[in-house]
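Peer 1: So that we are looking at the same thing, I have put the structure below in structure tokens.
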Amino acid sequence: MPFSAISLLQRLFLACTLAVAATAVQAQSKPNPNGAPDQFVLAAANEALNVLKTDGSVKSGDLARINQVVDQYVLPYVDFEKTTRLAAGRYWRQADARQRKALAEAFRGTLIRTYSGALTRVDAGTAIKLLPFRGDANADDVVVRSTISQPNGQPVHVDYRLGKEAGLGWRIYDLNVEGIWLIENYRNQFAQQINQNGIDGLIDALNQRNK
Amino acid sequence: MTKSAIPRLAVAALATALLAGCAAPKNPDPRDPWEGFNRGVYQFNDTVDRALFKPVAQAYDYVTPNPVQSCVHNMFLNLGDLWAAANSMLQGRGHDFVNTVGRFLFNTTMGVGGCFDVATANGAPRIPNDFGTTLGVWGFDQGPYLVLPILGSSTVRDGVGRAGDFAGNIASASQIDNVRLRNSLWGLEVVDTRASLLDATDTVDRVALDPYSFVRDAYLQRRASLLRTKIGDDTLPDYGDDAKLPDYGDDDDAKPAAPASTAPAAAPAK
């Protein structure tokens with residue numbers, strides 16, 4: 001009887017410690033869109049990395065699960081409509097509301113496929129490190145620079161471009177991997193498709209690849 | 001098939017691909033005036049790659065354990081550091097030169113002949129450099145985009161740069177007297193290079209709407225950003241902070257595609 005009482009106490013203690021630790025981790029890593037942009041990116045990236053490291057089904061390349069993780073841990077910090085709008089350039093103005101929504105949705109599918117391959121390679125040694133923030137901290141359009149390192153591999157240089165919006169705070173809208181900006185790399189392809197097949201043609205082409 | 005038939009066949013295939021690619025492009029890019037020709041060579045390269053280089057690289061990737069692969073890859077990168085250091089010197093980047101030579105010495109000794117990149121692990125990441133970038137630092141314009149047979153994406157300047165790189169690497173490779181060993185190492189380097197790009201090319205296959213312009217735009221962006229880090233702020237040799245941000249302004253009428261906007265989305269899907 002005393003034996004089980006002790007183990008009960010122990011379990012209770014353990015549960016409390018875990019709960020406290022969990023809240024501590026959460027409080028520490030919750031990204032604050034109204035704080036400094038670089039800390040916001042760091043917190044958001046670490047939050048996503050932690051999930052990816054502990055989740056087995058992401059590692060095995062389960063696309064449905066990756067989608068879910070992206071929805072929950074990445075998209076809240078990303079201004080996806082802006083990304084799509086800038087990639088479409090002046091053609092965005094020709095698109096109606098339905099087309100805009102469909103285009104953003106289709107483009108999102110493409111980008112998830114772009115990065116799902118990289119996400120499956122995240123392991124326990126993957127770490128993100130911020131490079132010193134250069135530029136005006138009071139601007140509402142900034143670039144946060146970082147390197148992502150893997151054990152026994154070359155670190156990859158990744159920049160995030162963020163815009164500050166009233167009420168929403170910082171949100172990421174463009175990404176640079178090793179000198180290649182994401183939006184820039186899709187502008188020509190978007191224009192090419194729209195010139196040939198119109199906006200609906202572009203949406204179809206993106207969706208075709210998402211299957 | 002006799003031996004001499006293979007190159008002839010390759011030439012014939014290249015010629016066909018070139019003719020096929022000479023159709024006028026629909027969405028011309030000012031940086032790519034030779035798009036028709038380039039698309040032909042791209043097509044040719046892609047065919048050769050799918051038939052030869054990619055399967056060999058995949059087989060290598062399949063049979064070779066990861067630690068061995070990364071060891072081989074690191075050793076080639078380590079040797080490449082010598083030529084990168086020489087280019088840093090040519091560009092007057094003494095700090096980069098000293099760092100890269102230091103990396104080479106550290107990796108060659110403590111990293112067991114370059115097998116482990118201990119320098120990166122100790123906070124001295126690789127400083128990529130090549131002769132095309134050197135020419136850019138010296139003020140040569142990059143010229144039109146150019147797809148080279150087998151070698152792939154380039155520009156006129158970078159094509160000349162690659163010839164320089166080739167000569168530079170020959171200079172270090174000629175230290176090996178045994179011809180058979182030298183040729184085997186050269187073959188291994190080709191396979192290793194292709195294997196290290198497997199992920200990248202798979203990504204392009206998966207996500208690009210038009211693989212040709214995807215690869216072209218990525219190549220030109222990457223080269224431009226590499227050059228910017230070299231001519232940027234010299235006191236901070238890691239990454240120049242002058243990284244010019246792309247301007248996504250809505251009214252970029254400077255692009256030649258602009259006139260087409262008068263009759264844009266109206267074109268029906270056939």
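Each chain in the structure tokens gets a letter, A, B and so on, in the order shown; residues start at 1 in every chain, and ligands are counted from 1 in the order they appear.
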Find the residues near segment 30-35 of chain B: any atom within 6 Å, counting only C-alpha atoms, skip ones fewer than 3 places away on the same chain, and give them as a list in words.

Peer 2: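 Counting only C-alpha atoms, the residues come to Asn38, Arg39, Pro144 and Tyr145 of chain B.
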
Peer 1: Hey, can you spit out that residue selection with N, CA and C atoms as a PDB file, in the first residue's frame?

Peer 2:
```
ATOM      1  N   ASN B  38      19.231  27.552 -77.063  1.00  0.00           N
ATOM      2  CA  ASN B  38      19.462  27.025 -75.721  1.00  0.00           C
ATOM      3  C   ASN B  38      18.485  25.915 -75.367  1.00  0.00           C
ATOM      4  N   ARG B  39      17.225  26.102 -75.773  1.00  0.00           N
ATOM      5  CA  ARG B  39      16.237  25.062 -75.476  1.00  0.00           C
ATOM      6  C   ARG B  39      16.583  23.751 -76.168  1.00  0.00           C
ATOM      7  N   PRO B 144      24.937  36.950 -72.799  1.00  0.00           N
ATOM      8  CA  PRO B 144      23.704  36.165 -72.868  1.00  0.00           C
ATOM      9  C   PRO B 144      23.821  34.824 -72.144  1.00  0.00           C
ATOM     10  N   TYR B 145      22.658  34.350 -71.700  1.00  0.00           N
ATOM     11  CA  TYR B 145      22.574  33.019 -71.111  1.00  0.00           C
ATOM     12  C   TYR B 145      22.902  31.992 -72.179  1.00  0.00           C
TER      13      TYR B 145
END
```

Peer 1: Using only C-alpha atoms and a cut-off of 8 Å, which residues of chain A sit close to chain B? Please list them as a PyMOL selection string.

Peer 2: chain A and resi 86+89-90+94+110-111+113-114+117+134+151-155+178-181+184-186+188-189+191-192+194-199+201+205-206+209

Peer 1: Save the residues we just selected, N, CA and C atoms, as a CSV table (one decimal), in the first residue's frame?

Peer 2:
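out.csv was written with the following content:
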```csv
chain,number,residue,atom,x,y,z
A,86,LEU,N,2.6,38.6,-55.9
A,86,LEU,CA,3.9,39.1,-56.5
A,86,LEU,C,4.4,38.2,-57.6
A,89,GLY,N,2.6,39.1,-60.6
A,89,GLY,CA,2.9,40.4,-61.1
A,89,GLY,C,1.7,41.1,-61.6
A,90,ARG,N,1.8,41.8,-62.7
A,90,ARG,CA,0.7,42.6,-63.1
A,90,ARG,C,-0.5,41.8,-63.6
A,94,GLN,N,-5.7,41.3,-63.4
A,94,GLN,CA,-6.7,40.8,-64.4
A,94,GLN,C,-7.5,39.7,-63.8
A,110,THR,N,2.0,23.5,-54.9
A,110,THR,CA,3.3,23.4,-55.6
A,110,THR,C,4.5,23.6,-54.6
A,111,LEU,N,4.3,24.7,-53.7
A,111,LEU,CA,5.4,25.0,-52.8
A,111,LEU,C,5.6,23.9,-51.7
A,113,ARG,N,5.1,20.8,-52.2
A,113,ARG,CA,5.8,19.8,-52.9
A,113,ARG,C,7.3,20.2,-53.0
A,114,THR,N,7.5,21.4,-53.2
A,114,THR,CA,8.9,21.9,-53.3
A,114,THR,C,9.7,21.6,-52.0
A,117,GLY,N,10.3,17.6,-49.8
A,117,GLY,CA,11.5,16.8,-50.0
A,117,GLY,C,12.6,17.2,-49.0
A,134,ARG,N,21.0,43.0,-40.5
A,134,ARG,CA,21.5,44.2,-41.1
A,134,ARG,C,20.3,45.0,-41.7
A,151,PRO,N,24.5,18.0,-39.7
A,151,PRO,CA,25.8,17.4,-39.4
A,151,PRO,C,26.5,16.9,-40.6
A,152,ASN,N,27.8,17.1,-40.7
A,152,ASN,CA,28.6,16.7,-41.9
A,152,ASN,C,28.1,17.1,-43.2
A,153,GLY,N,27.5,18.3,-43.3
A,153,GLY,CA,27.0,18.8,-44.6
A,153,GLY,C,27.3,20.3,-44.6
A,154,GLN,N,27.3,20.9,-45.8
A,154,GLN,CA,27.5,22.3,-45.9
A,154,GLN,C,26.3,23.0,-45.4
A,155,PRO,N,26.5,24.1,-44.6
A,155,PRO,CA,25.3,24.9,-44.2
A,155,PRO,C,24.6,25.6,-45.4
A,178,GLU,N,20.2,30.0,-50.9
A,178,GLU,CA,21.5,30.1,-51.6
A,178,GLU,C,21.4,31.1,-52.8
A,179,GLY,N,20.8,32.2,-52.5
A,179,GLY,CA,20.9,33.3,-53.5
A,179,GLY,C,19.7,33.3,-54.5
A,180,ILE,N,18.8,32.3,-54.4
A,180,ILE,CA,17.7,32.2,-55.3
A,180,ILE,C,16.4,32.6,-54.6
A,181,TRP,N,15.8,33.7,-55.1
A,181,TRP,CA,14.5,34.1,-54.5
A,181,TRP,C,13.4,33.3,-55.1
A,184,GLU,N,10.9,35.4,-57.5
A,184,GLU,CA,11.6,35.8,-58.7
A,184,GLU,C,11.7,34.6,-59.6
A,185,ASN,N,11.9,33.4,-59.0
A,185,ASN,CA,12.0,32.2,-59.9
A,185,ASN,C,10.7,31.7,-60.5
A,186,TYR,N,9.6,32.2,-60.0
A,186,TYR,CA,8.3,31.7,-60.6
A,186,TYR,C,7.7,32.8,-61.5
A,188,ASN,N,8.7,34.4,-64.3
A,188,ASN,CA,8.8,34.1,-65.7
A,188,ASN,C,7.9,32.9,-66.1
A,189,GLN,N,7.8,31.9,-65.3
A,189,GLN,CA,7.0,30.7,-65.6
A,189,GLN,C,5.5,31.1,-65.5
A,191,ALA,N,4.2,34.1,-66.1
A,191,ALA,CA,3.9,35.0,-67.2
A,191,ALA,C,3.8,34.1,-68.5
A,192,GLN,N,4.7,33.2,-68.6
A,192,GLN,CA,4.7,32.3,-69.8
A,192,GLN,C,3.4,31.5,-69.9
A,194,ILE,N,0.5,32.2,-68.4
A,194,ILE,CA,-0.6,33.1,-68.6
A,194,ILE,C,-0.7,33.6,-70.0
A,195,ASN,N,0.5,33.9,-70.6
A,195,ASN,CA,0.5,34.4,-72.0
A,195,ASN,C,-0.1,33.3,-72.9
A,196,GLN,N,0.2,32.1,-72.6
A,196,GLN,CA,-0.2,31.0,-73.5
A,196,GLN,C,-1.6,30.6,-73.3
A,197,ASN,N,-2.0,30.4,-72.0
A,197,ASN,CA,-3.3,29.8,-71.7
A,197,ASN,C,-4.1,30.6,-70.7
A,198,GLY,N,-3.8,31.8,-70.4
A,198,GLY,CA,-4.6,32.6,-69.5
A,198,GLY,C,-4.4,32.1,-68.1
A,199,ILE,N,-5.1,32.9,-67.2
A,199,ILE,CA,-4.9,32.6,-65.8
A,199,ILE,C,-5.5,31.3,-65.4
A,201,GLY,N,-5.5,28.7,-67.3
A,201,GLY,CA,-4.6,27.8,-67.8
A,201,GLY,C,-3.4,27.5,-66.8
A,205,ALA,N,-2.5,24.2,-64.8
A,205,ALA,CA,-1.1,23.6,-64.9
A,205,ALA,C,-0.5,23.3,-63.5
A,206,LEU,N,-0.8,24.3,-62.6
A,206,LEU,CA,-0.3,24.0,-61.2
A,206,LEU,C,-1.0,22.9,-60.6
A,209,ARG,N,0.1,19.4,-61.6
A,209,ARG,CA,1.3,18.9,-61.0
A,209,ARG,C,1.1,18.6,-59.5
```

Peer 1: With distances taken over only C-alpha atoms, which of B:Thr201, B:Asn122, B:Asn178, B:Ser184 is nearest to Arg103 of chain B?

Peer 2: B:Asn122

Peer 1: As a VMD selection string, which residues of chain A does DSSP assign to strand (DSSP E or B)?

Peer 2: chain A and resid 78 127 to 130 141 to 149 156 to 165 169 to 177 180 to 181

Peer 1: Take the residues just selected and output them with C-alpha atoms as a tab-separated table (two decimals), in the first residue's frame.

Peer 2:
```
chain	number	residue	atom	x	y	z
A	78	VAL	CA	3.27	33.35	-44.07
A	127	ALA	CA	19.70	23.61	-36.60
A	128	ILE	CA	18.93	27.13	-37.70
A	129	LYS	CA	21.22	30.02	-36.83
A	130	LEU	CA	20.45	33.67	-37.40
A	141	ASP	CA	9.92	45.39	-45.28
A	142	VAL	CA	12.95	43.51	-43.98
A	143	VAL	CA	15.19	40.57	-44.73
A	144	VAL	CA	16.17	38.11	-42.02
A	145	ARG	CA	19.23	36.06	-42.87
A	146	SER	CA	20.00	32.64	-41.50
A	147	THR	CA	21.94	29.46	-42.09
A	148	ILE	CA	20.51	26.00	-41.70
A	149	SER	CA	23.09	23.36	-40.86
A	156	VAL	CA	22.59	26.28	-46.42
A	157	HIS	CA	22.09	30.03	-46.52
A	158	VAL	CA	18.41	30.96	-46.26
A	159	ASP	CA	16.94	34.47	-46.22
A	160	TYR	CA	13.37	35.36	-45.32
A	161	ARG	CA	11.67	38.48	-46.54
A	162	LEU	CA	9.00	39.85	-44.24
A	163	GLY	CA	6.41	42.54	-44.49
A	164	LYS	CA	4.74	44.25	-41.56
A	165	GLU	CA	1.02	44.69	-41.76
A	169	GLY	CA	2.49	42.16	-37.47
A	170	TRP	CA	5.33	40.45	-39.34
A	171	ARG	CA	4.59	37.89	-41.97
A	172	ILE	CA	6.98	36.07	-44.30
A	173	TYR	CA	6.28	36.42	-48.01
A	174	ASP	CA	9.46	35.49	-49.84
A	175	LEU	CA	12.30	33.05	-49.33
A	176	ASN	CA	15.85	32.96	-50.63
A	177	VAL	CA	17.81	29.71	-50.72
A	180	ILE	CA	17.70	32.22	-55.32
A	181	TRP	CA	14.54	34.12	-54.49
```

Peer 1: Would you list the contacts of segment 89-95 of chain B as a list in words, taking every protein, DNA or RNA residue within 10 Å and counting only C-alpha atoms, but skipping same-chain residues closer than 3 positions in sequence?

Peer 2: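 Those residues are Trp83, Ala84, Ala85, Ala86, Val98, Asn99, Thr100, Asn129, Phe131, Thr133, Thr134, Leu135, Gly136, Val137, Trp138, Lys230, Ile231, Asp234, Thr235, Leu236 and Pro237 of chain B.
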
Peer 1: Could you give me, as a compact mmCIF listing (two decimals) with C-alpha atoms, in the first residue's frame, each residue of segment 108-203 of chain A that DSSP assigns to alpha helix (DSSP H) when run on this structure's backbone?

Peer 2:
```txt
# COMPACT_ATOMS: atom_id res chain seq x y z
CA ARG A 108 0.57 26.60 -52.23
CA GLY A 109 0.32 22.95 -53.28
CA THR A 110 3.33 23.43 -55.55
CA LEU A 111 5.40 24.99 -52.81
CA ILE A 112 4.56 22.28 -50.32
CA ARG A 113 5.83 19.78 -52.85
CA THR A 114 8.95 21.88 -53.32
CA TYR A 115 9.79 21.79 -49.67
CA SER A 116 8.37 18.43 -48.57
CA GLY A 117 11.50 16.76 -49.96
CA ALA A 118 13.70 19.01 -47.86
CA LEU A 119 11.51 18.56 -44.78
CA LEU A 182 11.40 32.02 -54.68
CA ILE A 183 9.04 34.59 -56.19
CA GLU A 184 11.61 35.76 -58.70
CA ASN A 185 12.04 32.21 -59.89
CA TYR A 186 8.34 31.75 -60.59
CA ARG A 187 7.60 35.07 -62.26
CA ASN A 188 8.78 34.08 -65.73
CA GLN A 189 7.01 30.74 -65.60
CA PHE A 190 3.77 32.37 -64.47
CA ALA A 191 3.95 34.98 -67.21
CA GLN A 192 4.74 32.31 -69.77
CA GLN A 193 1.75 30.17 -68.80
CA ILE A 194 -0.63 33.12 -68.59
CA ASN A 195 0.47 34.40 -72.00
CA GLN A 196 -0.19 31.01 -73.51
CA ASN A 197 -3.25 29.75 -71.69
CA GLY A 198 -4.57 32.56 -69.52
CA ILE A 199 -4.91 32.62 -65.76
CA ASP A 200 -7.15 29.57 -65.67
CA GLY A 201 -4.56 27.76 -67.75
CA LEU A 202 -1.93 28.55 -65.12
CA ILE A 203 -4.18 27.34 -62.31
```

Peer 1: Determine, counting only C-alpha atoms, which protein, DNA and RNA residues have an atom within 7 Å of an atom of Gly143 of chain B; residues of the same chain fewer than 4 positions away are not included. Present the result as a PDB file with C-alpha atoms, in the first residue's frame.

Peer 2:
```pdb
ATOM      1  CA  THR B 155      26.530  32.423 -69.661  1.00  0.00           C
ATOM      2  CA  VAL B 156      29.121  33.614 -72.126  1.00  0.00           C
ATOM      3  CA  ARG B 157      31.270  34.882 -69.277  1.00  0.00           C
TER       4      ARG B 157
END
```

Peer 1: Tell me which of B:Gly168, B:Gly80, B:Gly36, B:Gly161 sits closest to Gly114 of chain B, counting only C-alpha atoms.

Peer 2: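 Of all the options, B:Gly80 lies closest to Gly114 of chain B.
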
Peer 1: Got a sec: who's within 12 Å of segment 47-57 of chain B, counting only C-alpha atoms, leaving out chain neighbours fewer than 2 positions off, as an MDAnalysis selection string?

Peer 2: chainID B and resid 9:11 13:14 17 40:45 59:64 69 149:152 187:199 201:202 205

Peer 1: Write out the residues from the selection above, keeping C-alpha atoms, as a PDB file, in the first residue's frame.

Peer 2:
```
ATOM      1  CA  LEU B   9      24.965   9.536 -83.245  1.00  0.00           C
ATOM      2  CA  ALA B  10      25.387  12.112 -80.492  1.00  0.00           C
ATOM      3  CA  VAL B  11      26.142  14.833 -83.025  1.00  0.00           C
ATOM      4  CA  ALA B  13      20.915  13.903 -81.950  1.00  0.00           C
ATOM      5  CA  LEU B  14      22.284  17.295 -80.965  1.00  0.00           C
ATOM      6  CA  ALA B  17      17.487  18.824 -80.945  1.00  0.00           C
ATOM      7  CA  GLY B  40      17.572  22.677 -78.094  1.00  0.00           C
ATOM      8  CA  VAL B  41      20.769  22.038 -76.160  1.00  0.00           C
ATOM      9  CA  TYR B  42      18.765  21.766 -72.941  1.00  0.00           C
ATOM     10  CA  GLN B  43      16.622  19.091 -74.558  1.00  0.00           C
ATOM     11  CA  PHE B  44      19.712  17.255 -75.723  1.00  0.00           C
ATOM     12  CA  ASN B  45      21.333  17.420 -72.293  1.00  0.00           C
ATOM     13  CA  ALA B  59      23.138   3.361 -59.024  1.00  0.00           C
ATOM     14  CA  TYR B  60      26.099   4.961 -57.250  1.00  0.00           C
ATOM     15  CA  ASP B  61      23.758   6.536 -54.744  1.00  0.00           C
ATOM     16  CA  TYR B  62      22.067   3.179 -54.195  1.00  0.00           C
ATOM     17  CA  VAL B  63      25.128   1.011 -53.662  1.00  0.00           C
ATOM     18  CA  THR B  64      27.342   3.462 -51.784  1.00  0.00           C
ATOM     19  CA  GLN B  69      29.392   9.225 -50.336  1.00  0.00           C
ATOM     20  CA  PRO B 149      26.287  20.637 -74.217  1.00  0.00           C
ATOM     21  CA  ILE B 150      26.615  18.218 -71.264  1.00  0.00           C
ATOM     22  CA  LEU B 151      27.847  20.959 -68.898  1.00  0.00           C
ATOM     23  CA  GLY B 152      24.484  22.723 -68.787  1.00  0.00           C
ATOM     24  CA  GLY B 187      35.053   9.707 -63.688  1.00  0.00           C
ATOM     25  CA  LEU B 188      34.284   9.419 -59.987  1.00  0.00           C
ATOM     26  CA  GLU B 189      34.130  13.192 -59.742  1.00  0.00           C
ATOM     27  CA  VAL B 190      31.569  13.352 -62.549  1.00  0.00           C
ATOM     28  CA  VAL B 191      29.440  10.665 -60.903  1.00  0.00           C
ATOM     29  CA  ASP B 192      29.782  12.300 -57.498  1.00  0.00           C
ATOM     30  CA  THR B 193      28.770  15.685 -58.893  1.00  0.00           C
ATOM     31  CA  ARG B 194      25.710  14.252 -60.602  1.00  0.00           C
ATOM     32  CA  ALA B 195      24.761  12.233 -57.505  1.00  0.00           C
ATOM     33  CA  SER B 196      24.933  15.342 -55.324  1.00  0.00           C
ATOM     34  CA  LEU B 197      22.437  16.986 -57.693  1.00  0.00           C
ATOM     35  CA  LEU B 198      19.881  14.157 -57.661  1.00  0.00           C
ATOM     36  CA  ASP B 199      17.673  15.868 -55.082  1.00  0.00           C
ATOM     37  CA  THR B 201      16.870  17.694 -60.308  1.00  0.00           C
ATOM     38  CA  ASP B 202      14.066  15.658 -58.741  1.00  0.00           C
ATOM     39  CA  ASP B 205      10.992  17.681 -62.188  1.00  0.00           C
TER      40      ASP B 205
END
```
